[in-house]
Structures are given as structure tokens and as C-alpha cells.
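Novice: Sharing structure_20.pdb, PDB, C-alpha atoms:
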ATOM      1  CA  MET A   1       0.000   0.000   0.000
ATOM      2  CA  ALA A   2       2.668   2.482   1.053
ATOM      3  CA  LYS A   3       4.806   1.321  -1.870
ATOM      4  CA  THR A   4       2.121   2.123  -4.457
ATOM      5  CA  ASN A   5       1.860   5.630  -2.988
ATOM      6  CA  LEU A   6       5.612   6.036  -3.249
ATOM      7  CA  VAL A   7       5.543   4.859  -6.882
ATOM      8  CA  ALA A   8       2.704   7.281  -7.622
ATOM      9  CA  PHE A   9       4.635  10.125  -5.987
ATOM     10  CA  PHE A  10       7.823   9.457  -7.988
ATOM     11  CA  SER A  11       5.857   8.974 -11.187
ATOM     12  CA  GLY A  12       4.296  12.387 -10.512
ATOM     13  CA  VAL A  13       7.695  13.979  -9.912
ATOM     14  CA  LEU A  14       9.148  12.503 -13.117
ATOM     15  CA  PHE A  15       6.026  13.523 -15.034
ATOM     16  CA  SER A  16       6.308  17.122 -13.812
ATOM     17  CA  ILE A  17       9.982  17.310 -14.817
ATOM     18  CA  GLY A  18       8.996  16.102 -18.291
ATOM     19  CA  LEU A  19       6.298  18.761 -18.500
ATOM     20  CA  GLY A  20       8.592  21.505 -17.221
ATOM     21  CA  ILE A  21      11.634  20.898 -19.414
ATOM     22  CA  SER A  22       9.497  20.378 -22.515
ATOM     23  CA  GLY A  23       7.815  23.790 -22.268
ATOM     24  CA  MET A  24       4.309  22.581 -21.400
ATOM     25  CA  THR A  25       4.219  24.764 -18.253
ATOM     26  CA  GLN A  26       4.498  27.938 -20.365
ATOM     27  CA  PRO A  27       0.974  28.777 -21.552
ATOM     28  CA  GLN A  28       2.212  30.905 -24.458
ATOM     29  CA  LYS A  29       4.110  27.879 -25.845
ATOM     30  CA  VAL A  30       0.919  25.805 -25.711
ATOM     31  CA  ILE A  31      -1.015  28.591 -27.416
ATOM     32  CA  GLY A  32       1.806  28.880 -29.973
ATOM     33  CA  PHE A  33       1.518  25.151 -30.666
ATOM     34  CA  LEU A  34      -2.212  25.577 -31.348
ATOM     35  CA  ASP A  35      -1.707  28.792 -33.368
ATOM     36  CA  VAL A  36      -1.347  26.911 -36.657
ATOM     37  CA  PHE A  37      -2.689  29.825 -38.715
ATOM     38  CA  GLY A  38      -0.602  32.443 -36.907
ATOM     39  CA  ALA A  39       2.820  32.355 -35.206
ATOM     40  CA  TRP A  40       2.897  28.550 -35.168
ATOM     41  CA  ASP A  41       5.414  27.057 -32.715
ATOM     42  CA  LEU A  42       5.929  23.388 -33.578
ATOM     43  CA  SER A  43       7.976  22.621 -30.426
ATOM     44  CA  LEU A  44       5.295  20.859 -28.402
ATOM     45  CA  THR A  45       4.572  18.450 -31.238
ATOM     46  CA  PHE A  46       7.759  16.722 -30.147
ATOM     47  CA  VAL A  47       6.455  16.288 -26.602
ATOM     48  CA  MET A  48       3.586  14.260 -28.012
ATOM     49  CA  VAL A  49       5.950  12.339 -30.309
ATOM     50  CA  GLY A  50       8.375  11.524 -27.459
ATOM     51  CA  GLY A  51       5.597  10.682 -25.011
ATOM     52  CA  ILE A  52       3.585   8.487 -27.347
ATOM     53  CA  ALA A  53       6.614   6.675 -28.808
ATOM     54  CA  SER A  54       8.203   5.866 -25.447
ATOM     55  CA  TYR A  55       4.910   4.838 -23.839
ATOM     56  CA  LEU A  56       3.978   2.701 -26.862
ATOM     57  CA  VAL A  57       7.230   0.744 -26.640
ATOM     58  CA  LEU A  58       7.278   0.464 -22.828
ATOM     59  CA  GLN A  59       3.619  -0.424 -22.348
ATOM     60  CA  SER A  60       3.706  -3.176 -24.957
ATOM     61  CA  ALA A  61       6.860  -4.608 -23.334
ATOM     62  CA  ILE A  62       5.184  -4.443 -19.901
ATOM     63  CA  GLN A  63       2.021  -6.127 -21.189
ATOM     64  CA  ARG A  64       4.073  -8.887 -22.829
ATOM     65  CA  ARG A  65       6.319  -9.664 -19.882
ATOM     66  CA  PHE A  66       4.200  -8.991 -16.830
ATOM     67  CA  PRO A  67       0.943 -10.919 -16.280
ATOM     68  CA  THR A  68       0.178  -8.579 -13.358
ATOM     69  CA  PRO A  69       1.623  -5.259 -12.156
ATOM     70  CA  VAL A  70       4.535  -5.501  -9.697
ATOM     71  CA  LEU A  71       2.608  -4.062  -6.740
ATOM     72  CA  ALA A  72      -1.039  -4.682  -7.680
ATOM     73  CA  SER A  73      -3.216  -7.638  -8.659
ATOM     74  CA  VAL A  74      -4.532  -6.389 -12.027
ATOM     75  CA  PHE A  75      -3.843  -3.905 -14.809
ATOM     76  CA  GLN A  76      -6.719  -1.405 -14.836
ATOM     77  CA  ILE A  77      -6.809  -0.385 -18.469
ATOM     78  CA  PRO A  78      -9.830   1.152 -20.235
ATOM     79  CA  THR A  79     -11.570  -1.322 -22.527
ATOM     80  CA  ARG A  80     -14.279   0.821 -24.133
ATOM     81  CA  LYS A  81     -14.160   1.077 -27.901
ATOM     82  CA  ASP A  82     -17.330   3.030 -28.707
ATOM     83  CA  ILE A  83     -17.120   6.588 -29.976
ATOM     84  CA  ASP A  84     -20.000   8.291 -28.168
ATOM     85  CA  ARG A  85     -21.412  11.786 -27.909
ATOM     86  CA  ASN A  86     -19.812  12.419 -24.503
ATOM     87  CA  LEU A  87     -16.328  11.643 -25.845
ATOM     88  CA  ILE A  88     -16.662  14.168 -28.675
ATOM     89  CA  PHE A  89     -18.520  16.835 -26.697
ATOM     90  CA  GLY A  90     -16.067  16.539 -23.797
ATOM     91  CA  ALA A  91     -13.016  16.693 -26.062
ATOM     92  CA  LEU A  92     -14.439  19.794 -27.801
ATOM     93  CA  LEU A  93     -14.921  21.593 -24.472
ATOM     94  CA  PHE A  94     -11.474  20.550 -23.281
ATOM     95  CA  GLY A  95      -9.847  21.764 -26.504
ATOM     96  CA  ILE A  96     -11.589  25.143 -26.207
ATOM     97  CA  GLY A  97     -10.488  25.527 -22.577
ATOM     98  CA  TRP A  98      -6.954  24.421 -23.474
ATOM     99  CA  GLY A  99      -6.696  27.094 -26.187
ATOM    100  CA  LEU A 100      -8.252  29.788 -23.983
ATOM    101  CA  GLY A 101      -5.995  29.291 -20.974
ATOM    102  CA  GLY A 102      -2.933  27.578 -22.417
ATOM    103  CA  TYR A 103      -3.041  25.009 -19.620
ATOM    104  CA  CYS A 104      -4.031  21.368 -19.609
ATOM    105  CA  PRO A 105      -4.431  19.554 -16.264
ATOM    106  CA  GLY A 106      -0.851  18.252 -15.768
ATOM    107  CA  PRO A 107       1.003  21.512 -16.441
ATOM    108  CA  ALA A 108      -1.561  23.453 -14.364
ATOM    109  CA  LEU A 109      -0.982  21.183 -11.336
ATOM    110  CA  THR A 110       2.797  21.319 -11.832
ATOM    111  CA  SER A 111       2.630  25.132 -12.058
ATOM    112  CA  LEU A 112       1.017  25.248  -8.606
ATOM    113  CA  GLY A 113       4.564  24.546  -7.431
ATOM    114  CA  SER A 114       5.688  27.875  -8.897
ATOM    115  CA  GLY A 115       3.060  29.790  -6.929
ATOM    116  CA  SER A 116       1.402  31.039 -10.111
ATOM    117  CA  ILE A 117      -1.955  32.685  -9.345
ATOM    118  CA  SER A 118      -3.180  31.762 -12.834
ATOM    119  CA  ALA A 119      -2.449  28.098 -12.122
ATOM    120  CA  VAL A 120      -4.245  28.259  -8.756
ATOM    121  CA  LEU A 121      -7.328  29.825 -10.376
ATOM    122  CA  PHE A 122      -7.217  27.314 -13.218
ATOM    123  CA  VAL A 123      -6.954  24.297 -10.900
ATOM    124  CA  VAL A 124      -9.738  25.478  -8.567
ATOM    125  CA  ALA A 125     -12.003  26.167 -11.559
ATOM    126  CA  MET A 126     -11.086  22.776 -13.044
ATOM    127  CA  GLY A 127     -12.168  21.042  -9.820
ATOM    128  CA  ILE A 128     -15.450  22.972  -9.865
ATOM    129  CA  GLY A 129     -15.900  22.050 -13.540
ATOM    130  CA  MET A 130     -15.441  18.359 -12.747
ATOM    131  CA  PHE A 131     -17.953  18.613  -9.910
ATOM    132  CA  LEU A 132     -20.455  20.337 -12.224
ATOM    133  CA  ALA A 133     -19.867  17.759 -14.951
ATOM    134  CA  ASP A 134     -20.826  14.962 -12.577
ATOM    135  CA  ARG A 135     -23.880  16.732 -11.141
ATOM    136  CA  VAL A 136     -25.226  18.989 -13.855
ATOM    137  CA  VAL A 137     -23.812  18.275 -17.301
ATOM    138  CA  VAL A 138     -23.622  14.514 -17.573
ATOM    139  CA  PRO A 139     -27.112  13.560 -16.316
ATOM    140  CA  PRO A 140     -29.020  15.215 -19.211
ATOM    141  CA  LEU A 141     -26.484  13.840 -21.699
ATOM    142  CA  ALA A 142     -26.843  10.294 -20.421
ATOM    143  CA  PRO A 143     -29.298   8.069 -22.269
ATOM    144  CA  ALA A 144     -32.764   8.173 -20.736
ATOM    145  CA  PRO A 145     -33.329   5.297 -18.303
ATOM    146  CA  ALA A 146     -35.554   2.537 -19.581
ATOM    147  CA  LYS A 147     -39.181   2.983 -18.560
ATOM    148  CA  ASN A 148     -40.800   0.310 -16.475
TER     149      ASN A 148
ATOM    150  CA  MET B 149       5.865  29.639 -38.432
ATOM    151  CA  VAL B 150       8.324  30.658 -35.715
ATOM    152  CA  GLU B 151      11.590  29.062 -34.649
ATOM    153  CA  PHE B 152      10.972  25.857 -32.698
ATOM    154  CA  GLU B 153      12.845  23.497 -30.375
ATOM    155  CA  VAL B 154      13.183  19.744 -30.768
ATOM    156  CA  THR B 155      15.584  18.295 -28.187
ATOM    157  CA  MET B 156      14.077  19.435 -24.878
ATOM    158  CA  PRO B 157      10.450  18.815 -25.909
ATOM    159  CA  LEU B 158      11.413  15.359 -27.169
ATOM    160  CA  LEU B 159      13.328  14.580 -23.968
ATOM    161  CA  GLY B 160      10.480  15.928 -21.835
ATOM    162  CA  GLY B 161       8.023  13.793 -23.791
ATOM    163  CA  VAL B 162      10.145  10.687 -23.183
ATOM    164  CA  LEU B 163      10.218  11.463 -19.427
ATOM    165  CA  ILE B 164       6.419  11.742 -19.485
ATOM    166  CA  GLY B 165       6.200   8.382 -21.285
ATOM    167  CA  VAL B 166       8.595   6.752 -18.798
ATOM    168  CA  ALA B 167       6.713   8.203 -15.794
ATOM    169  CA  SER B 168       3.445   6.865 -17.222
ATOM    170  CA  ALA B 169       4.969   3.439 -17.930
ATOM    171  CA  MET B 170       6.318   3.338 -14.363
ATOM    172  CA  LEU B 171       2.816   3.810 -12.961
ATOM    173  CA  LEU B 172       1.537   1.074 -15.288
ATOM    174  CA  LEU B 173       4.313  -1.375 -14.423
ATOM    175  CA  PHE B 174       4.075  -1.029 -10.637
ATOM    176  CA  SER B 175       0.439  -0.107 -10.021
ATOM    177  CA  GLY B 176      -1.324  -1.184 -13.216
ATOM    178  CA  ARG B 177      -2.782   2.291 -13.628
ATOM    179  CA  ILE B 178      -3.110   4.748 -16.497
ATOM    180  CA  ALA B 179      -1.371   8.080 -15.913
ATOM    181  CA  GLY B 180      -4.291  10.264 -16.967
ATOM    182  CA  ILE B 181      -3.922  13.482 -15.023
ATOM    183  CA  SER B 182      -7.529  14.690 -15.264
ATOM    184  CA  GLY B 183      -8.744  11.275 -14.084
ATOM    185  CA  ILE B 184      -6.191  11.203 -11.267
ATOM    186  CA  PHE B 185      -7.104  14.723 -10.139
ATOM    187  CA  GLY B 186     -10.850  14.002 -10.346
ATOM    188  CA  GLY B 187     -10.387  10.733  -8.432
ATOM    189  CA  MET B 188      -8.403  12.568  -5.777
ATOM    190  CA  LEU B 189     -11.315  14.979  -5.320
ATOM    191  CA  PHE B 190     -14.252  12.601  -5.492
ATOM    192  CA  GLN B 191     -13.095   9.136  -4.433
ATOM    193  CA  GLN B 192     -12.406   7.663  -1.013
ATOM    194  CA  GLY B 193      -9.822   5.536   0.775
ATOM    195  CA  SER B 194      -6.872   4.027  -1.109
ATOM    196  CA  GLU B 195      -8.346   5.138  -4.462
ATOM    197  CA  ARG B 196      -7.890   8.667  -3.195
ATOM    198  CA  THR B 197      -4.517   8.120  -1.494
ATOM    199  CA  TRP B 198      -2.391   7.056  -4.456
ATOM    200  CA  ARG B 199      -3.915   9.775  -6.619
ATOM    201  CA  SER B 200      -3.105  12.353  -3.949
ATOM    202  CA  ALA B 201       0.472  11.021  -3.841
ATOM    203  CA  PHE B 202       0.760  11.417  -7.631
ATOM    204  CA  VAL B 203      -0.592  14.986  -7.514
ATOM    205  CA  ALA B 204       1.781  15.760  -4.614
ATOM    206  CA  GLY B 205       4.607  14.492  -6.826
ATOM    207  CA  LEU B 206       3.522  16.778  -9.685
ATOM    208  CA  ILE B 207       3.353  19.814  -7.407
ATOM    209  CA  GLY B 208       6.569  18.874  -5.557
ATOM    210  CA  GLY B 209       8.316  18.496  -8.910
ATOM    211  CA  GLY B 210       6.989  21.930  -9.824
ATOM    212  CA  VAL B 211       8.444  23.416  -6.634
ATOM    213  CA  GLY B 212      11.853  21.885  -7.430
ATOM    214  CA  LEU B 213      11.784  23.005 -11.066
ATOM    215  CA  TYR B 214      10.807  26.529 -10.044
ATOM    216  CA  GLY B 215      13.720  26.594  -7.586
ATOM    217  CA  ILE B 216      16.192  25.531 -10.280
ATOM    218  CA  SER B 217      14.847  27.453 -13.225
ATOM    219  CA  PRO B 218      11.851  29.762 -12.736
ATOM    220  CA  GLU B 219      11.790  30.681 -16.438
ATOM    221  CA  LEU B 220      10.146  27.282 -17.081
ATOM    222  CA  PHE B 221       6.997  28.855 -15.641
ATOM    223  CA  ALA B 222       7.162  32.119 -17.581
ATOM    224  CA  ASN B 223       3.646  33.170 -18.500
ATOM    225  CA  THR B 224       3.451  35.752 -21.270
ATOM    226  CA  SER B 225       0.146  34.554 -22.678
ATOM    227  CA  GLU B 226      -1.593  37.770 -21.523
ATOM    228  CA  ARG B 227      -4.686  35.783 -20.568
ATOM    229  CA  GLY B 228      -6.466  37.561 -17.710
ATOM    230  CA  PHE B 229      -7.450  35.806 -14.481
ATOM    231  CA  GLY B 230     -11.123  35.646 -15.471
ATOM    232  CA  MET B 231     -10.243  34.049 -18.789
ATOM    233  CA  VAL B 232      -7.924  31.525 -17.130
ATOM    234  CA  ALA B 233     -10.591  30.591 -14.572
ATOM    235  CA  PHE B 234     -13.171  30.164 -17.339
ATOM    236  CA  ALA B 235     -10.672  28.003 -19.233
ATOM    237  CA  GLY B 236     -10.162  25.852 -16.130
ATOM    238  CA  LEU B 237     -13.909  25.396 -15.782
ATOM    239  CA  LEU B 238     -14.199  24.218 -19.404
ATOM    240  CA  VAL B 239     -11.198  21.905 -19.023
ATOM    241  CA  GLY B 240     -12.731  20.402 -15.865
ATOM    242  CA  ILE B 241     -16.114  19.790 -17.495
ATOM    243  CA  GLY B 242     -14.635  18.632 -20.807
ATOM    244  CA  THR B 243     -12.095  16.173 -19.417
ATOM    245  CA  ARG B 244     -14.667  14.704 -17.038
ATOM    246  CA  ILE B 245     -17.240  14.157 -19.804
ATOM    247  CA  GLY B 246     -14.692  13.123 -22.420
ATOM    248  CA  GLY B 247     -12.885  10.773 -20.042
ATOM    249  CA  GLY B 248      -9.390  12.217 -20.315
ATOM    250  CA  CYS B 249      -6.955  14.912 -21.327
ATOM    251  CA  THR B 250      -3.611  15.278 -23.060
ATOM    252  CA  SER B 251      -2.015  12.583 -20.881
ATOM    253  CA  GLY B 252      -4.731   9.926 -20.558
ATOM    254  CA  HIS B 253      -6.008  10.176 -24.155
ATOM    255  CA  GLY B 254      -3.056  11.892 -25.844
ATOM    256  CA  VAL B 255      -0.124   9.852 -24.503
ATOM    257  CA  CYS B 256      -1.394   6.686 -22.785
ATOM    258  CA  GLY B 257      -4.458   6.179 -24.995
ATOM    259  CA  ILE B 258      -2.725   6.738 -28.324
ATOM    260  CA  GLY B 259       0.244   4.758 -26.911
ATOM    261  CA  ARG B 260      -2.032   1.712 -26.737
ATOM    262  CA  LEU B 261      -3.626   2.582 -30.081
ATOM    263  CA  SER B 262      -7.074   3.133 -28.571
ATOM    264  CA  MET B 263      -9.491   4.434 -31.219
ATOM    265  CA  ARG B 264     -11.464   6.399 -28.596
ATOM    266  CA  SER B 265      -8.306   8.193 -27.521
ATOM    267  CA  ILE B 266      -7.195   8.898 -31.089
ATOM    268  CA  VAL B 267     -10.608  10.406 -31.874
ATOM    269  CA  ALA B 268     -10.613  12.406 -28.599
ATOM    270  CA  THR B 269      -7.082  13.736 -29.184
ATOM    271  CA  VAL B 270      -7.753  14.774 -32.783
ATOM    272  CA  THR B 271     -10.973  16.458 -31.582
ATOM    273  CA  PHE B 272      -9.405  18.460 -28.721
ATOM    274  CA  VAL B 273      -6.368  19.495 -30.764
ATOM    275  CA  LEU B 274      -8.598  20.677 -33.634
ATOM    276  CA  ALA B 275     -10.906  22.466 -31.164
ATOM    277  CA  GLY B 276      -7.864  24.160 -29.609
ATOM    278  CA  ILE B 277      -6.523  25.190 -33.030
ATOM    279  CA  ALA B 278      -9.929  26.601 -34.039
ATOM    280  CA  LEU B 279     -10.283  28.489 -30.746
ATOM    281  CA  VAL B 280      -6.794  30.001 -30.967
ATOM    282  CA  ALA B 281      -7.303  30.962 -34.624
ATOM    283  CA  PHE B 282     -10.447  32.814 -33.554
ATOM    284  CA  VAL B 283      -9.178  34.383 -30.310
ATOM    285  CA  GLN B 284      -5.457  35.014 -30.841
ATOM    286  CA  PRO B 285      -5.892  38.005 -33.208
ATOM    287  CA  PHE B 286      -7.420  39.885 -30.226
ATOM    288  CA  TYR B 287      -4.180  39.411 -28.273
ATOM    289  CA  LEU B 288      -1.870  40.860 -30.935
TER     290      LEU B 288
END
Let's see the structure in the file written out as C-alpha cells.
Specialist:
Amino acid sequence: MAKTNLVAFFSGVLFSIGLGISGMTQPQKVIGFLDVFGAWDLSLTFVMVGGIASYLVLQSAIQRRFPTPVLASVFQIPTRKDIDRNLIFGALLFGIGWGLGGYCPGPALTSLGSGSISAVLFVVAMGIGMFLADRVVVPPLAPAPAKN
Amino acid sequence: MVEFEVTMPLLGGVLIGVASAMLLLFSGRIAGISGIFGGMLFQQGSERTWRSAFVAGLIGGGVGLYGISPELFANTSERGFGMVAFAGLLVGIGTRIGGGCTSGHGVCGIGRLSMRSIVATVTFVLAGIALVAFVQPFYL
């Protein structure tokens, strides 16, 4: 139990270093990456390339060689394959928020460590948004329950 | 197009991939930050504890990075506090409904060739590009 928390902590530390050195914690670099029709800054494309390529190789090696995780009984990996309305609608809202603020969740949390007021506001609002999504937004989007 | 960097973003991306693979190898979990943050807020017991430890690691890493090189957190985007808060609200709602963000869908999901994650990533990147194309002229 304590070991999985330690692993999670160090994974978080490593993750934040990756975000920081790559430029993801600088909102104007994120906005520059999305500004394809303006002053386009390609840099962050290589974060995606490096992240996806290394994870692709490592996760397939892990899945091949380890029947179970080292410290847990099962791999908890999403199995859904359907492309539903929530996936698209949610991704659209996220993309809009990402472009507006220049932060996605990881860099915003990492930037809390710099004492940035923007990051604090973003993270608090993100928590409120998640709460609202569970209570207010998702229920009407969910398929109507079958009538008895 | 402006001048761009390759080495540090690529290296940073690899660190992100390694950190995510580490969580998978030891705990069998996907390193999706929005899911981890949401679980930390809304779940109980050990489900909450490991997520809190991960978030503490992210923030602790941020503290260390800021100590070594504060310019990594330079913010010249000129987005006002109200705009940033509104953006956070949209990101919270969107990632919760869409089941992930840049890490869970973008890195881990595409890294296992999940069609849902590929569709989500293409959608949020295109939405971000469209938004910036529309909004950025007002910031020049």
C-alpha cells in the first residue's frame, strides 16, 4: 500500500519534470503550438511524439512480460471502444479551454509549485468544472433510463 | 511559423512516457492526469490516497523546477485571471465528460492505439486550433 503511494509520488515527480523541461508549463508555448494559422510554434509536437513513442514501446513490453503489475493484482486499463457523444462533446470543451488558458491539467498542477496565481485559479475552476460535470452536465447527456 | 525546439520537448516527452509506464508497471494504472485529479477529489480511501500522492509528486516536482529554473513557468500569454478561470472550468467539465486529457487520451491512450483516444485527441487538438485561430488576433 505504502509502496504504491511512493511509486505514484515518484511517477508524478518525473512527469512534472517532463512537462517543465518540454515547455508545457508555459501557456504561451501551448497557445503557440495551437496557433497553426498564426505564429505557429511546432515545439510541443515533439512532446507528443516523445511521449507516445516511449509509452507505446514500454507499455507493450510491460504487457508482454508482466501478467500482473509488480505491486497490484490487475492492470486497470480502459476497454471501451465506442465513440459516443460524450467523448466528442467533452473533447471539444477541453480543446476550447486548453486554447483559452494555455493550460491542460498536468502543467496546471505542476505550475502550482511555482506559486502562479493563474495556475491556482485554473486548478480550482477545473475542480469545480469536474464537480459540475458529474452533477449537472452529464445527467441530461446520459441516455434516458428505460421505462418500467 | 516561428523558430521551434526539438531536443528538450522530445526529452520531456520521453520522461512523461517513462513516468506513465512506471505507474503502469508497478500499479497497473493509467497516468491520466484529469482522471487522477478528479479521483483525488471525489473518491475515497486508497483510491484517493495514491492519486493524492501522484498529484503531490507533480506539485513537488513543480516546486523543485521553479527553484532551479523559474523561467520554465514564464507566463506571457496575456490571458487575464477571469479568462484563465473560465478556461479551467471548461477543461474540468470537458475532461470529465470526455474521459481524459492530453495525458490519458493523448499519450497513454494513443500509446495503446485506442481508437477512442485517437478520436478524442484529434478532436481536442482541432478544437484548440480553431479556438486560438479565432481568439489570438485579439491578443496581438
Novice: Rounded to one decimal, what separation in Å do you get between CA of Met48 (chain A) and CA of Leu279 (chain B)?
Specialist: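 For CA of Met48 (chain A) relative to CA of Leu279 (chain B), the distance reads 20.1 Å.
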Novice: Here's the selection I'm unsure about, the PyMOL selection byres ((chain A and resi 19) around 8); applied to the file above, which residues does it give, as a VMD selection string?
Specialist: (chain A and resid 15 to 18 20 to 25 106 to 107 110) or (chain B and resid 160 to 161 164)
Novice: Take CA of Ile77 (chain A) and CA of Met126 (chain A) and report the distance between them in Å, one decimal.
Specialist: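 Taking CA of Ile77 (chain A) and CA of Met126 (chain A), their separation equals 24.2 Å.
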Novice: Please build the interface table for region 163-238 of chain B against region 249-268 of chain B with a cut-off of 8 Å, listing for each qualifying residue the nearest atom pair and the distance in Å to one decimal; count only C-alpha atoms, order rows by chain and increasing number, and write it as a Markdown table.
Specialist:
| residue | atom | partner | partner_atom | distance |
| --- | --- | --- | --- | --- |
| B:Gly165 | CA | B:Val255 | CA | 7.2 |
| B:Ser168 | CA | B:Cys256 | CA | 7.4 |
| B:Ile178 | CA | B:Gly252 | CA | 6.8 |
| B:Ala179 | CA | B:Gly252 | CA | 6.0 |
| B:Gly180 | CA | B:Gly252 | CA | 3.6 |
| B:Ile181 | CA | B:Ser251 | CA | 6.2 |
| B:Ser182 | CA | B:Cys249 | CA | 6.1 |
| B:Gly183 | CA | B:Gly252 | CA | 7.7 |
Novice: Might you pull out every residue within 10 Å of Ala91 (chain A), with all atoms listed in the file counted and same-chain residues fewer than 6 positions away left off, and present them as a PDB file with C-alpha atoms, in the frame of the given file?
Specialist:
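After the write, part-v9.pdb holds the following:
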ATOM      1  CA  ARG A  85     -21.412  11.786 -27.909  1.00  0.00           C
ATOM      2  CA  GLY A  97     -10.488  25.527 -22.577  1.00  0.00           C
TER       3      GLY A  97
ATOM      4  CA  VAL B 239     -11.198  21.905 -19.023  1.00  0.00           C
ATOM      5  CA  ILE B 241     -16.114  19.790 -17.495  1.00  0.00           C
ATOM      6  CA  GLY B 242     -14.635  18.632 -20.807  1.00  0.00           C
ATOM      7  CA  THR B 243     -12.095  16.173 -19.417  1.00  0.00           C
ATOM      8  CA  ARG B 244     -14.667  14.704 -17.038  1.00  0.00           C
ATOM      9  CA  ILE B 245     -17.240  14.157 -19.804  1.00  0.00           C
ATOM     10  CA  GLY B 246     -14.692  13.123 -22.420  1.00  0.00           C
ATOM     11  CA  GLY B 247     -12.885  10.773 -20.042  1.00  0.00           C
ATOM     12  CA  GLY B 248      -9.390  12.217 -20.315  1.00  0.00           C
ATOM     13  CA  CYS B 249      -6.955  14.912 -21.327  1.00  0.00           C
ATOM     14  CA  THR B 250      -3.611  15.278 -23.060  1.00  0.00           C
ATOM     15  CA  HIS B 253      -6.008  10.176 -24.155  1.00  0.00           C
ATOM     16  CA  SER B 265      -8.306   8.193 -27.521  1.00  0.00           C
ATOM     17  CA  VAL B 267     -10.608  10.406 -31.874  1.00  0.00           C
ATOM     18  CA  ALA B 268     -10.613  12.406 -28.599  1.00  0.00           C
ATOM     19  CA  THR B 269      -7.082  13.736 -29.184  1.00  0.00           C
ATOM     20  CA  VAL B 270      -7.753  14.774 -32.783  1.00  0.00           C
ATOM     21  CA  THR B 271     -10.973  16.458 -31.582  1.00  0.00           C
ATOM     22  CA  PHE B 272      -9.405  18.460 -28.721  1.00  0.00           C
ATOM     23  CA  VAL B 273      -6.368  19.495 -30.764  1.00  0.00           C
ATOM     24  CA  LEU B 274      -8.598  20.677 -33.634  1.00  0.00           C
ATOM     25  CA  ALA B 275     -10.906  22.466 -31.164  1.00  0.00           C
ATOM     26  CA  GLY B 276      -7.864  24.160 -29.609  1.00  0.00           C
TER      27      GLY B 276
END
Novice: Keeping C-alpha atoms (and nothing else), can you write region 165-225 of chain B of this structure as a compact mmCIF listing (two decimals), in the first residue's frame?
Specialist:
# COMPACT_ATOMS: atom_id res chain seq x y z
CA GLY B 165 6.20 8.38 -21.29
CA VAL B 166 8.59 6.75 -18.80
CA ALA B 167 6.71 8.20 -15.79
CA SER B 168 3.45 6.87 -17.22
CA ALA B 169 4.97 3.44 -17.93
CA MET B 170 6.32 3.34 -14.36
CA LEU B 171 2.82 3.81 -12.96
CA LEU B 172 1.54 1.07 -15.29
CA LEU B 173 4.31 -1.37 -14.42
CA PHE B 174 4.08 -1.03 -10.64
CA SER B 175 0.44 -0.11 -10.02
CA GLY B 176 -1.32 -1.18 -13.22
CA ARG B 177 -2.78 2.29 -13.63
CA ILE B 178 -3.11 4.75 -16.50
CA ALA B 179 -1.37 8.08 -15.91
CA GLY B 180 -4.29 10.26 -16.97
CA ILE B 181 -3.92 13.48 -15.02
CA SER B 182 -7.53 14.69 -15.26
CA GLY B 183 -8.74 11.27 -14.08
CA ILE B 184 -6.19 11.20 -11.27
CA PHE B 185 -7.10 14.72 -10.14
CA GLY B 186 -10.85 14.00 -10.35
CA GLY B 187 -10.39 10.73 -8.43
CA MET B 188 -8.40 12.57 -5.78
CA LEU B 189 -11.31 14.98 -5.32
CA PHE B 190 -14.25 12.60 -5.49
CA GLN B 191 -13.09 9.14 -4.43
CA GLN B 192 -12.41 7.66 -1.01
CA GLY B 193 -9.82 5.54 0.77
CA SER B 194 -6.87 4.03 -1.11
CA GLU B 195 -8.35 5.14 -4.46
CA ARG B 196 -7.89 8.67 -3.19
CA THR B 197 -4.52 8.12 -1.49
CA TRP B 198 -2.39 7.06 -4.46
CA ARG B 199 -3.91 9.77 -6.62
CA SER B 200 -3.10 12.35 -3.95
CA ALA B 201 0.47 11.02 -3.84
CA PHE B 202 0.76 11.42 -7.63
CA VAL B 203 -0.59 14.99 -7.51
CA ALA B 204 1.78 15.76 -4.61
CA GLY B 205 4.61 14.49 -6.83
CA LEU B 206 3.52 16.78 -9.68
CA ILE B 207 3.35 19.81 -7.41
CA GLY B 208 6.57 18.87 -5.56
CA GLY B 209 8.32 18.50 -8.91
CA GLY B 210 6.99 21.93 -9.82
CA VAL B 211 8.44 23.42 -6.63
CA GLY B 212 11.85 21.88 -7.43
CA LEU B 213 11.78 23.01 -11.07
CA TYR B 214 10.81 26.53 -10.04
CA GLY B 215 13.72 26.59 -7.59
CA ILE B 216 16.19 25.53 -10.28
CA SER B 217 14.85 27.45 -13.23
CA PRO B 218 11.85 29.76 -12.74
CA GLU B 219 11.79 30.68 -16.44
CA LEU B 220 10.15 27.28 -17.08
CA PHE B 221 7.00 28.86 -15.64
CA ALA B 222 7.16 32.12 -17.58
CA ASN B 223 3.65 33.17 -18.50
CA THR B 224 3.45 35.75 -21.27
CA SER B 225 0.15 34.55 -22.68
